[in-house]
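Visitor: Just model-v5.cif, nothing more (mmCIF, C-alpha atoms):
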```cif
data_entry
#
loop_
_atom_site.label_atom_id
_atom_site.label_comp_id
_atom_site.auth_asym_id
_atom_site.auth_seq_id
_atom_site.Cartn_x
_atom_site.Cartn_y
_atom_site.Cartn_z
CA MET A 14 94.75 75.12 66.75
CA ALA A 15 94.44 74.23 70.42
CA SER A 16 97.87 72.80 70.86
CA SER A 17 98.40 74.01 74.39
CA SER A 18 96.50 71.07 75.83
CA SER A 19 99.29 68.86 74.45
CA SER A 20 101.11 66.82 77.04
CA SER A 21 99.19 67.53 80.22
CA ASP A 22 97.93 63.96 80.54
CA GLN A 23 101.46 62.72 79.97
CA GLN A 24 102.77 64.63 82.95
CA SER A 25 100.38 63.53 85.63
CA PHE A 26 102.42 60.54 86.76
CA VAL A 27 102.44 59.51 90.34
CA THR A 28 105.93 58.05 90.31
CA GLU A 29 108.97 60.31 90.53
CA LYS A 30 110.93 60.72 87.34
CA PRO A 31 114.62 59.92 87.41
CA GLN A 32 116.71 63.04 87.91
CA GLU A 33 118.22 63.28 84.42
CA GLU A 34 114.86 62.82 82.81
CA ALA A 35 113.30 65.55 84.95
CA TYR A 36 116.24 67.82 84.08
CA GLU A 37 115.77 67.31 80.34
CA GLU A 38 112.03 67.74 80.74
CA LYS A 39 112.57 71.19 82.20
CA HIS A 40 115.60 72.37 80.24
CA VAL A 41 114.90 70.83 76.84
CA HIS A 42 111.38 69.51 76.33
CA GLU A 43 109.42 72.28 78.01
CA VAL A 44 111.49 74.91 76.24
CA TYR A 45 110.82 73.42 72.80
CA GLN A 46 107.11 73.20 73.61
CA GLN A 47 107.18 76.94 74.37
CA ILE A 48 109.36 78.12 71.51
CA ALA A 49 108.09 75.63 68.87
CA SER A 50 106.50 78.10 66.53
CA HIS A 51 109.21 80.77 66.75
CA PHE A 52 111.95 78.12 66.53
CA SER A 53 110.28 76.68 63.46
CA SER A 54 110.14 80.05 61.70
CA THR A 55 113.95 80.22 61.94
CA ARG A 56 114.66 76.73 60.58
CA TYR A 57 113.92 76.31 56.92
CA LYS A 58 116.57 74.26 55.23
CA ALA A 59 118.37 70.98 55.69
CA TRP A 60 122.15 71.30 56.04
CA PRO A 61 124.35 70.15 53.09
CA VAL A 62 125.55 66.86 54.65
CA VAL A 63 121.97 66.00 55.59
CA LYS A 64 120.76 66.88 52.11
CA ARG A 65 123.38 64.67 50.48
CA PHE A 66 122.66 61.73 52.80
CA LEU A 67 118.92 61.88 52.12
CA THR A 68 119.24 62.53 48.39
CA GLU A 69 121.44 59.46 47.82
CA LEU A 70 118.87 57.03 49.29
CA THR A 71 117.23 54.37 47.10
CA PRO A 72 113.64 55.24 46.13
CA GLY A 73 111.24 53.32 48.34
CA ALA A 74 113.63 53.20 51.30
CA ILE A 75 111.91 53.42 54.70
CA GLY A 76 113.55 55.46 57.43
CA LEU A 77 113.36 57.48 60.62
CA ASP A 78 113.95 61.13 61.46
CA VAL A 79 114.44 61.01 65.22
CA GLY A 80 113.97 64.43 66.80
CA CYS A 81 112.60 65.88 63.58
CA GLY A 82 111.85 69.32 65.05
CA ASN A 83 109.77 71.33 62.60
CA GLY A 84 110.49 68.76 59.88
CA LYS A 85 112.94 70.84 57.88
CA CYS A 86 114.69 67.69 56.60
CA LEU A 87 111.47 66.06 55.39
CA PRO A 88 111.08 67.93 52.07
CA VAL A 89 114.52 66.81 50.82
CA ASN A 90 113.46 63.45 49.38
CA GLN A 91 109.88 62.56 48.52
CA ASN A 92 110.76 59.19 46.99
CA VAL A 93 111.44 57.61 50.37
CA PHE A 94 109.09 57.22 53.31
CA ILE A 95 110.09 58.69 56.66
CA VAL A 96 108.47 58.12 60.03
CA ALA A 97 109.56 61.28 61.81
CA SER A 98 109.29 61.72 65.56
CA ASP A 99 109.79 64.44 68.10
CA ARG A 100 109.50 64.65 71.87
CA SER A 101 107.63 67.96 71.51
CA GLU A 102 104.05 67.60 70.37
CA ASN A 103 103.99 71.24 69.26
CA LEU A 104 106.95 70.66 66.93
CA ALA A 105 105.53 67.33 65.72
CA ARG A 106 102.34 69.13 64.68
CA ILE A 107 104.33 71.62 62.62
CA ALA A 108 106.37 68.81 61.02
CA ALA A 109 103.22 66.89 60.07
CA ASN A 110 102.66 69.00 56.96
CA HIS A 111 105.40 67.37 54.88
CA GLN A 112 104.18 64.77 52.37
CA PRO A 113 104.43 61.86 51.86
CA HIS A 114 105.96 61.35 55.31
CA SER A 115 104.38 60.80 58.71
CA VAL A 116 105.05 62.24 62.17
CA ILE A 117 104.54 60.88 65.69
CA VAL A 118 105.44 61.98 69.22
CA ALA A 119 108.09 59.71 70.74
CA ASP A 120 111.13 59.66 73.00
CA ILE A 121 114.52 58.84 71.50
CA LEU A 122 115.29 56.43 74.36
CA ASN A 123 112.07 54.44 73.80
CA LEU A 124 111.29 54.47 70.12
CA PRO A 125 108.09 52.67 69.07
CA HIS A 126 109.73 50.98 66.11
CA PRO A 127 110.48 47.33 65.41
CA ASP A 128 114.04 45.98 65.67
CA SER A 129 116.30 45.59 62.64
CA PHE A 130 113.94 46.99 60.02
CA PHE A 131 114.81 50.46 58.74
CA ASP A 132 116.95 51.32 55.73
CA PHE A 133 118.13 54.61 57.16
CA ALA A 134 117.77 57.09 59.99
CA ILE A 135 118.79 60.64 60.70
CA SER A 136 118.99 62.40 64.04
CA ILE A 137 119.99 65.98 63.50
CA ALA A 138 120.92 68.23 66.43
CA VAL A 139 119.20 65.95 68.95
CA ILE A 140 121.51 63.76 71.04
CA HIS A 141 123.40 66.82 72.32
CA HIS A 142 120.23 67.56 74.35
CA LEU A 143 120.67 64.43 76.49
CA SER A 144 122.32 65.31 79.77
CA THR A 145 124.64 62.38 80.57
CA PRO A 146 127.15 60.36 78.50
CA ASP A 147 125.20 57.21 79.25
CA ARG A 148 121.93 58.64 77.93
CA ARG A 149 123.62 59.92 74.76
CA ILE A 150 125.05 56.47 74.10
CA GLN A 151 121.71 54.82 74.87
CA ALA A 152 120.04 57.14 72.36
CA ILE A 153 122.47 56.07 69.62
CA ARG A 154 122.00 52.43 70.59
CA GLU A 155 118.22 52.82 70.34
CA ILE A 156 118.46 54.17 66.77
CA LEU A 157 120.96 51.46 65.75
CA ARG A 158 118.58 48.81 67.12
CA ALA A 159 115.93 49.83 64.61
CA LEU A 160 118.30 49.70 61.60
CA LYS A 161 118.43 46.73 59.28
CA PRO A 162 121.60 44.71 59.92
CA ALA A 163 123.88 43.96 56.96
CA THR A 164 123.44 40.64 55.17
CA VAL A 165 125.58 38.79 52.64
CA GLU A 166 123.61 40.43 49.80
CA ALA A 167 123.00 43.92 51.12
CA PRO A 168 124.64 46.49 53.35
CA GLY A 169 122.81 47.37 56.56
CA GLY A 170 120.81 50.49 57.33
CA LYS A 171 122.74 53.70 57.96
CA VAL A 172 122.22 56.53 60.39
CA LEU A 173 123.41 60.11 60.07
CA LEU A 174 124.03 61.80 63.42
CA TYR A 175 124.68 65.51 63.73
CA VAL A 176 125.64 67.37 66.93
CA TRP A 177 126.78 70.82 67.95
CA ALA A 178 130.55 71.18 68.18
CA LEU A 179 132.56 72.62 71.04
CA GLU A 180 135.05 73.83 68.44
CA GLN A 181 133.23 76.78 66.87
CA LYS A 182 135.55 79.70 67.42
CA THR A 183 134.20 81.72 64.51
CA SER A 184 130.52 81.30 65.43
CA ARG A 185 128.36 83.86 67.20
CA ARG A 186 128.78 81.83 70.43
CA GLY A 187 132.54 81.57 70.03
CA TRP A 188 133.15 78.41 72.08
CA ASP A 189 136.34 76.48 71.54
CA LYS A 190 138.43 73.52 72.67
CA GLY A 191 138.92 73.56 76.43
CA ASP A 192 135.64 75.35 77.18
CA GLN A 193 132.88 73.90 79.34
CA GLN A 194 130.98 71.26 77.34
CA ASP A 195 127.70 71.26 79.25
CA VAL A 196 126.03 74.60 78.70
CA MET A 197 122.72 76.41 78.88
CA VAL A 198 122.07 78.27 75.64
CA PRO A 199 119.62 81.15 75.58
CA TRP A 200 116.81 81.30 73.03
CA VAL A 201 115.56 84.85 72.71
CA MET A 202 111.97 85.00 71.58
CA THR A 203 111.08 88.36 70.15
CA SER A 204 107.46 89.03 69.47
CA ASN A 205 106.31 91.22 66.60
CA PRO A 206 103.89 93.62 68.25
CA PRO A 207 101.42 95.48 66.05
CA LYS A 208 102.47 99.03 65.12
CA ASN A 209 101.90 101.63 67.82
CA ALA A 210 101.56 98.94 70.48
CA PRO A 211 104.15 99.04 73.25
CA SER A 212 106.72 96.36 72.46
CA ASP A 213 107.08 93.48 74.89
CA GLN A 214 110.39 92.61 76.47
CA PRO A 215 111.83 89.69 74.51
CA LYS A 216 111.35 86.41 76.38
CA VAL A 217 114.46 84.33 77.01
CA PHE A 218 114.43 80.54 77.33
CA HIS A 219 117.47 78.42 78.20
CA ARG A 220 118.09 75.06 76.61
CA TYR A 221 120.60 72.48 77.83
CA TYR A 222 123.29 71.35 75.37
CA HIS A 223 126.25 69.04 75.54
CA LEU A 224 128.81 70.44 73.08
CA TYR A 225 130.69 67.61 71.41
CA GLU A 226 134.46 67.77 71.12
CA ALA A 227 136.45 66.31 68.21
CA ASN A 228 136.15 62.48 67.99
CA GLU A 229 133.61 62.30 70.82
CA LEU A 230 130.69 61.48 68.51
CA GLU A 231 132.66 58.62 66.93
CA ARG A 232 133.55 57.37 70.44
CA ASP A 233 129.91 57.42 71.53
CA ILE A 234 128.87 55.53 68.38
CA THR A 235 131.47 52.84 69.05
CA LYS A 236 130.35 52.53 72.68
CA ALA A 237 126.78 52.14 71.44
CA GLY A 238 127.89 49.16 69.34
CA GLY A 239 127.90 50.99 66.01
CA ARG A 240 130.47 51.22 63.25
CA VAL A 241 131.43 54.67 61.92
CA LEU A 242 131.52 54.72 58.10
CA GLU A 243 132.26 58.39 57.55
CA SER A 244 132.48 61.49 59.72
CA GLY A 245 133.33 65.15 59.57
CA TYR A 246 132.72 68.74 60.56
CA GLU A 247 130.22 71.10 58.96
CA LYS A 248 129.60 74.64 60.09
CA ASP A 249 129.89 74.40 63.90
CA ASN A 250 128.72 70.78 63.99
CA TRP A 251 130.25 67.30 64.08
CA TRP A 252 128.54 64.61 62.02
CA ALA A 253 128.96 60.88 61.48
CA ILE A 254 127.35 58.20 59.36
CA ALA A 255 127.22 54.85 61.13
CA THR A 256 125.86 51.35 60.76
CA ARG A 257 125.42 48.38 63.10
CA MET B 16 98.29 59.62 60.99
CA LYS B 17 98.49 57.77 57.69
CA LEU B 18 97.59 54.12 57.88
CA ILE B 19 100.97 53.12 56.38
CA THR B 20 102.71 54.52 59.48
CA ALA B 21 101.26 51.79 61.70
CA ASN B 22 103.15 49.25 59.59
CA PHE B 23 106.39 50.66 61.02
CA LEU B 24 105.30 51.00 64.65
CA THR B 25 105.38 48.70 67.61
CA CYS B 26 105.09 49.13 71.38
CA ALA B 27 107.54 51.65 72.88
CA VAL B 28 108.01 49.42 75.94
CA LYS B 29 111.40 47.70 75.59
CA GLY B 30 110.25 44.36 76.96
CA CYS B 31 107.48 44.10 74.39
CA LYS B 32 109.59 44.24 71.23
CA ALA B 33 110.61 40.58 71.38
CA SER B 34 106.97 39.48 71.62
CA PRO B 35 105.15 38.79 68.34
CA ALA B 36 101.99 40.07 70.06
CA SER B 37 103.40 43.63 70.03
CA PHE B 38 103.15 43.92 66.23
CA PRO B 39 101.05 45.21 64.71
CA LEU B 40 99.52 47.51 67.30
CA HIS B 41 95.72 47.41 67.33
CA PHE B 42 93.48 50.36 66.52
CA ARG B 43 90.66 51.10 68.96
CA ASP B 44 87.88 53.68 68.60
CA ALA B 45 89.49 54.96 65.42
CA GLU B 46 88.05 57.99 63.66
CA LEU B 47 89.07 57.93 60.03
CA GLU B 48 89.39 60.61 57.42
CA LEU B 49 90.30 60.50 53.76
CA GLN B 50 92.88 63.16 52.91
CA GLU B 51 93.65 63.38 49.22
CA LEU B 52 97.23 63.20 48.07
CA ASP B 53 98.70 63.23 44.55
CA PHE B 54 98.94 59.70 43.19
CA GLN B 55 102.55 58.70 42.57
CA PRO B 56 102.51 55.15 41.12
CA ASP B 57 106.31 54.77 41.42
CA PHE B 58 106.24 55.66 45.08
CA ILE B 59 103.66 52.96 45.85
CA ARG B 60 105.48 50.44 43.65
CA ASN B 61 108.72 51.11 45.52
CA ILE B 62 107.40 50.94 49.06
CA VAL B 63 105.08 47.92 48.71
CA PRO B 64 107.97 45.44 49.02
CA ARG B 65 108.69 46.92 52.48
CA ILE B 66 105.10 46.53 53.75
CA ASP B 67 104.30 43.72 56.18
CA TRP B 68 101.25 42.45 54.37
CA HIS B 69 99.89 40.34 57.19
CA ALA B 70 100.01 43.32 59.56
CA LEU B 71 98.28 45.49 56.96
CA GLN B 72 95.51 42.89 56.56
CA ILE B 73 94.93 42.81 60.32
CA MET B 74 94.79 46.61 60.56
CA ALA B 75 92.53 47.04 57.52
CA ASN B 76 90.22 44.41 58.96
CA GLU B 77 90.13 46.06 62.41
CA LEU B 78 89.31 49.39 60.80
CA GLY B 79 86.42 47.76 58.94
CA PHE B 80 87.76 47.99 55.39
CA PRO B 81 86.66 45.47 52.78
CA LYS B 82 89.08 42.59 52.46
CA ILE B 83 92.39 43.55 50.88
CA LEU B 84 94.36 41.25 48.53
CA ASP B 85 95.31 37.89 50.10
CA LYS B 86 98.87 38.18 48.97
CA LYS B 87 101.18 41.15 48.66
CA PRO B 88 101.13 42.32 45.02
CA GLU B 89 104.39 41.74 43.18
CA GLY B 90 105.80 41.55 39.64
CA ASP B 91 103.17 42.43 37.01
CA GLU B 92 100.57 43.20 39.67
CA LEU B 93 102.64 46.24 40.57
CA LYS B 94 102.06 47.54 37.03
CA ASP B 95 98.30 47.37 37.51
CA GLU B 96 97.26 50.96 38.02
CA GLN B 97 94.01 49.95 39.71
CA ILE B 98 95.86 47.96 42.37
CA LEU B 99 98.32 50.81 42.91
CA LYS B 100 95.52 53.34 43.22
CA GLU B 101 93.72 51.25 45.82
CA LEU B 102 96.94 50.90 47.80
CA HIS B 103 97.59 54.63 47.52
CA ARG B 104 94.14 55.26 48.98
CA LEU B 105 94.55 52.73 51.79
CA LEU B 106 98.16 53.45 52.77
CA LEU B 107 98.58 57.18 52.20
CA GLU B 108 95.14 58.78 52.00
CA THR B 109 93.51 56.95 54.89
CA HIS B 110 94.22 58.91 58.06
CA ILE B 111 93.46 58.03 61.65
CA ASN B 112 92.53 61.31 63.33
CA GLU B 113 91.45 60.18 66.76
CA GLY B 114 91.61 56.89 68.61
CA LYS B 115 94.08 54.56 70.28
CA LEU B 116 96.78 52.13 69.32
CA THR B 117 96.99 49.23 71.75
CA CYS B 118 99.83 46.78 72.36
CA GLY B 119 98.70 43.15 72.15
CA ASN B 120 101.44 42.17 74.61
CA CYS B 121 101.25 44.63 77.52
CA GLY B 122 97.91 46.24 76.76
CA HIS B 123 99.28 49.79 76.91
CA GLU B 124 97.20 52.30 74.95
CA TYR B 125 98.74 55.09 72.90
CA LEU B 126 96.47 58.00 72.14
CA ILE B 127 96.01 59.51 68.70
CA LYS B 128 94.91 63.13 68.93
CA GLU B 129 94.25 65.39 65.97
CA GLY B 130 96.11 62.95 63.76
CA ILE B 131 99.25 62.63 65.90
CA ALA B 132 99.97 59.43 67.85
CA ASN B 133 101.79 59.91 71.14
CA PHE B 134 104.26 57.20 72.24
CA LEU B 135 105.69 58.86 75.34
CA LEU B 136 105.62 56.35 78.17
CA PRO B 137 104.60 56.98 81.76
CA SER B 138 107.72 56.60 83.92
CA HIS B 139 106.71 53.25 85.43
CA LEU B 140 106.92 51.71 81.94
CA VAL B 141 110.27 53.23 80.95
#
```
What is this file in structure tokens?

Guide:
Amino acid sequence: MASSSSSSDQQSFVTEKPQEEAYEEKHVHEVYQQIASHFSSTRYKAWPVVKRFLTELTPGAIGLDVGCGNGKCLPVNQNVFIVASDRSENLARIAANHQPHSVIVADILNLPHPDSFFDFAISIAVIHHLSTPDRRIQAIREILRALKPATVEAPGGKVLLYVWALEQKTSRRGWDKGDQQDVMVPWVMTSNPPKNAPSDQPKVFHRYYHLYEANELERDITKAGGRVLESGYEKDNWWAIATR
Amino acid sequence: MKLITANFLTCAVKGCKASPASFPLHFRDAELELQELDFQPDFIRNIVPRIDWHALQIMANELGFPKILDKKPEGDELKDEQILKELHRLLLETHINEGKLTCGNCGHEYLIKEGIANFLLPSHLV
């Protein structure tokens, strides 16, 4: 598939991009475009909290998966309909294979979805890629905007947010409380050369991450105008379920 | 892109969302394809209540489909397998492979390429 032609027409703008946006373009978006296929081959399964959240939804619920990556959360529940989106067209194309859902290319800060409509949303390992506190809060606000508000008869739509934790002493990376929160994380792309061929040097890409500290996700949700219903820690990540 | 998706999309430009003209988006130069999918009557029955019927009528009409039901099916109509099958075909099996989605408010065009619609905005619209 000729996916390399992807976003060239999107990048030919005359106007200068704001600095943070240009930074994320280079240190997040371009990297995912490059590593999409290799990244995807290493991500097969939704995490337990994500699985539970999606499994408990009412059949027929309509929701969003913002920053869906390769779509690894999409197979969990086929009785709901998910409009998944990713900023990387190459990842969106990989995610598009999961039925009955649908995938588009979109930016988390400017989602093409109506206000106050959706029953649920997930955004898994996404908002930690935004490079300022203000942009992370805006991203949460943008998802909350699309959720159905609560009424007298029914609770409002819920979002599950999931971010990488600073506190992950036992992980391969070994970060912990007190460490630098804004980091560049290498992605090592090894190729599988045919037998007898000289092996290539592995290619290394660096992605920007903001590592969340304890309670920071809940704080950002509150600043975005949301209400935290439940939150916790799961294998090197902080998560929270919130509503408007 | 499945036709049902367009029922949950509007213009990505913030200023457009308050305008009724931004929903539904309008298909232009659409190239359609039928992609078969297993028929799950319960799935259709469950999602129909969440469909904006008026928007679906507009889109079906713009894409040149024969007239769809005047009113959203409900109650016993949702037990009618023929109705459910037709909806399955229209909502889930009808794909837009190439074309554009246009905002009726600002006129911005979003391209659909190889079945994927792209809503990234040029920086002057962000």

Visitor: Quick one: everything within 6 Å of range 64-80 of chain A, counting only C-alpha atoms, minus sequence neighbours fewer than 4 positions away in the same chain. Send it as a list in words.

Guide: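 Selected residues are Ala59, Asn90, Asn92, Val93, Phe94, Ile95, Val96, Ala97, Ser98, Asp99, Phe131, Asp132, Phe133, Ala134, Ile135, Ser136 and Val139 of chain A; Asn61 and Ile62 of chain B.
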
Visitor: Just the selected residues (C-alpha atoms), exported as a PDB file, in the frame of the given file, please.

Guide:
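Saved to again21.pdb:
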```pdb
ATOM      1  CA  ALA A  59     118.370  70.980  55.690  1.00  0.00           C
ATOM      2  CA  ASN A  90     113.460  63.450  49.380  1.00  0.00           C
ATOM      3  CA  ASN A  92     110.760  59.190  46.990  1.00  0.00           C
ATOM      4  CA  VAL A  93     111.440  57.610  50.370  1.00  0.00           C
ATOM      5  CA  PHE A  94     109.090  57.220  53.310  1.00  0.00           C
ATOM      6  CA  ILE A  95     110.090  58.690  56.660  1.00  0.00           C
ATOM      7  CA  VAL A  96     108.470  58.120  60.030  1.00  0.00           C
ATOM      8  CA  ALA A  97     109.560  61.280  61.810  1.00  0.00           C
ATOM      9  CA  SER A  98     109.290  61.720  65.560  1.00  0.00           C
ATOM     10  CA  ASP A  99     109.790  64.440  68.100  1.00  0.00           C
ATOM     11  CA  PHE A 131     114.810  50.460  58.740  1.00  0.00           C
ATOM     12  CA  ASP A 132     116.950  51.320  55.730  1.00  0.00           C
ATOM     13  CA  PHE A 133     118.130  54.610  57.160  1.00  0.00           C
ATOM     14  CA  ALA A 134     117.770  57.090  59.990  1.00  0.00           C
ATOM     15  CA  ILE A 135     118.790  60.640  60.700  1.00  0.00           C
ATOM     16  CA  SER A 136     118.990  62.400  64.040  1.00  0.00           C
ATOM     17  CA  VAL A 139     119.200  65.950  68.950  1.00  0.00           C
TER      18      VAL A 139
ATOM     19  CA  ASN B  61     108.720  51.110  45.520  1.00  0.00           C
ATOM     20  CA  ILE B  62     107.400  50.940  49.060  1.00  0.00           C
TER      21      ILE B  62
END
```

Visitor: Calculate how many Å separate CA of Glu51 in chain B from CA of Phe134 in chain B, rounding to one decimal.

Guide: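 One can read the CA of Glu51 in chain B to CA of Phe134 in chain B distance as 26.1 Å.
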
Visitor: Using only C-alpha atoms, which of A:Ala49, A:Pro125, A:Leu87, A:Arg154 sits nearest Ile107 in chain A?

Guide: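 Ranking A:Ala49, A:Pro125, A:Leu87, A:Arg154 by distance to Ile107 in chain A, first place goes to A:Ala49.
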
Visitor: How would you write, as number ranges by chain, the residues chosen by the PyMOL selection byres ((chain B and resi 72) around 12) on this structure?

Guide: B: 18-19, 21-22, 39, 41, 66-71, 73-87, 102, 105-106

Visitor: Which residues of chain B come within 6 Å of chain A, and for each one, what is the closest pair of atoms and their distance in Å to one decimal, counting all atoms listed in the file, sorted by chain and residue number, as a tab-separated table?

Guide:
```
residue	atom	partner	partner_atom	distance
B:Leu24	CA	A:His126	CA	4.7
B:Thr25	CA	A:Pro125	CA	5.0
B:Cys26	CA	A:Pro125	CA	5.2
B:Ala27	CA	A:Pro125	CA	4.0
B:Asn61	CA	A:Gly73	CA	4.4
B:Ile62	CA	A:Gly73	CA	4.6
B:Ile131	CA	A:Ile117	CA	5.6
B:Ala132	CA	A:Ile117	CA	5.3
B:Asn133	CA	A:Val118	CA	4.6
B:Phe134	CA	A:Ala119	CA	4.8
B:Leu135	CA	A:Ala119	CA	5.3
```

Visitor: Could you pull out every residue with an atom within 6 Å of (90.7, 54.7, 65.2), file coordinates, counting all atoms listed in the file, and send them as JSON, numbers by chain?

Guide: {"B": [42, 43, 44, 45, 46, 111, 113, 114]}

Visitor: Write out as a compact mmCIF listing (two decimals) with C-alpha atoms, in the coordinates of the input the residues lying within 7 Å of range 118-129 of chain B, counting only C-alpha atoms and excluding same-chain residues fewer than 6 positions away.

Guide:
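Saved to part13.txt:
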```txt
# COMPACT_ATOMS: atom_id res chain seq x y z
CA CYS B 26 105.09 49.13 71.38
CA CYS B 31 107.48 44.10 74.39
CA SER B 34 106.97 39.48 71.62
CA ALA B 36 101.99 40.07 70.06
CA SER B 37 103.40 43.63 70.03
CA LEU B 40 99.52 47.51 67.30
CA HIS B 41 95.72 47.41 67.33
CA ASN B 112 92.53 61.31 63.33
```

Visitor: Check which residues satisfy the PyMOL selection byres ((chain A and resi 232-244) around 12) in the file shown, then give them as a VMD selection string.

Guide: chain A and resid 62 66 140 to 141 145 to 158 160 162 to 163 168 to 176 225 to 231 245 to 247 250 to 257

Visitor: Dig up all the protein and nucleic acid residues within 12 Å of (104.9, 42.0, 42.0) in the file frame, using only C-alpha atoms, and format them as a list in words.

Guide: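 Looking at atoms near the point gives Ile59, Arg60, Asn61, Ile62, Val63, Pro64, Lys86, Lys87, Pro88, Glu89, Gly90, Asp91, Glu92, Leu93, Lys94, Asp95, Ile98 and Leu99 of chain B.
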
Visitor: I'd like the neighbourhood of range 191-195 of chain A as a list of chain:residue names, where a residue qualifies if any of its atoms comes within 12 Å (using all atoms listed in the file), though same-chain residues fewer than 2 positions away should be ignored.

Guide: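 Near range 191-195 of chain A, the qualifying residues are A:His141, A:His142, A:Leu143, A:Ser144, A:Thr145, A:Pro146, A:Trp177, A:Ala178, A:Leu179, A:Glu180, A:Gln181, A:Lys182, A:Arg186, A:Gly187, A:Trp188, A:Asp189, A:Met197, A:Val198, A:Arg220, A:Tyr221, A:Tyr222, A:His223, A:Leu224, A:Tyr225, A:Glu226, A:Ala227, A:Glu229.
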
Visitor: Give the answer as one residue: which of B:Val28, B:Ala33, B:Met16, B:Gln55 has the shortest atom-to-atom distance to Thr117 in chain B, using only C-alpha atoms?

Guide: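 Looking at the shortest contact to Thr117 in chain B, the residue is B:Val28.
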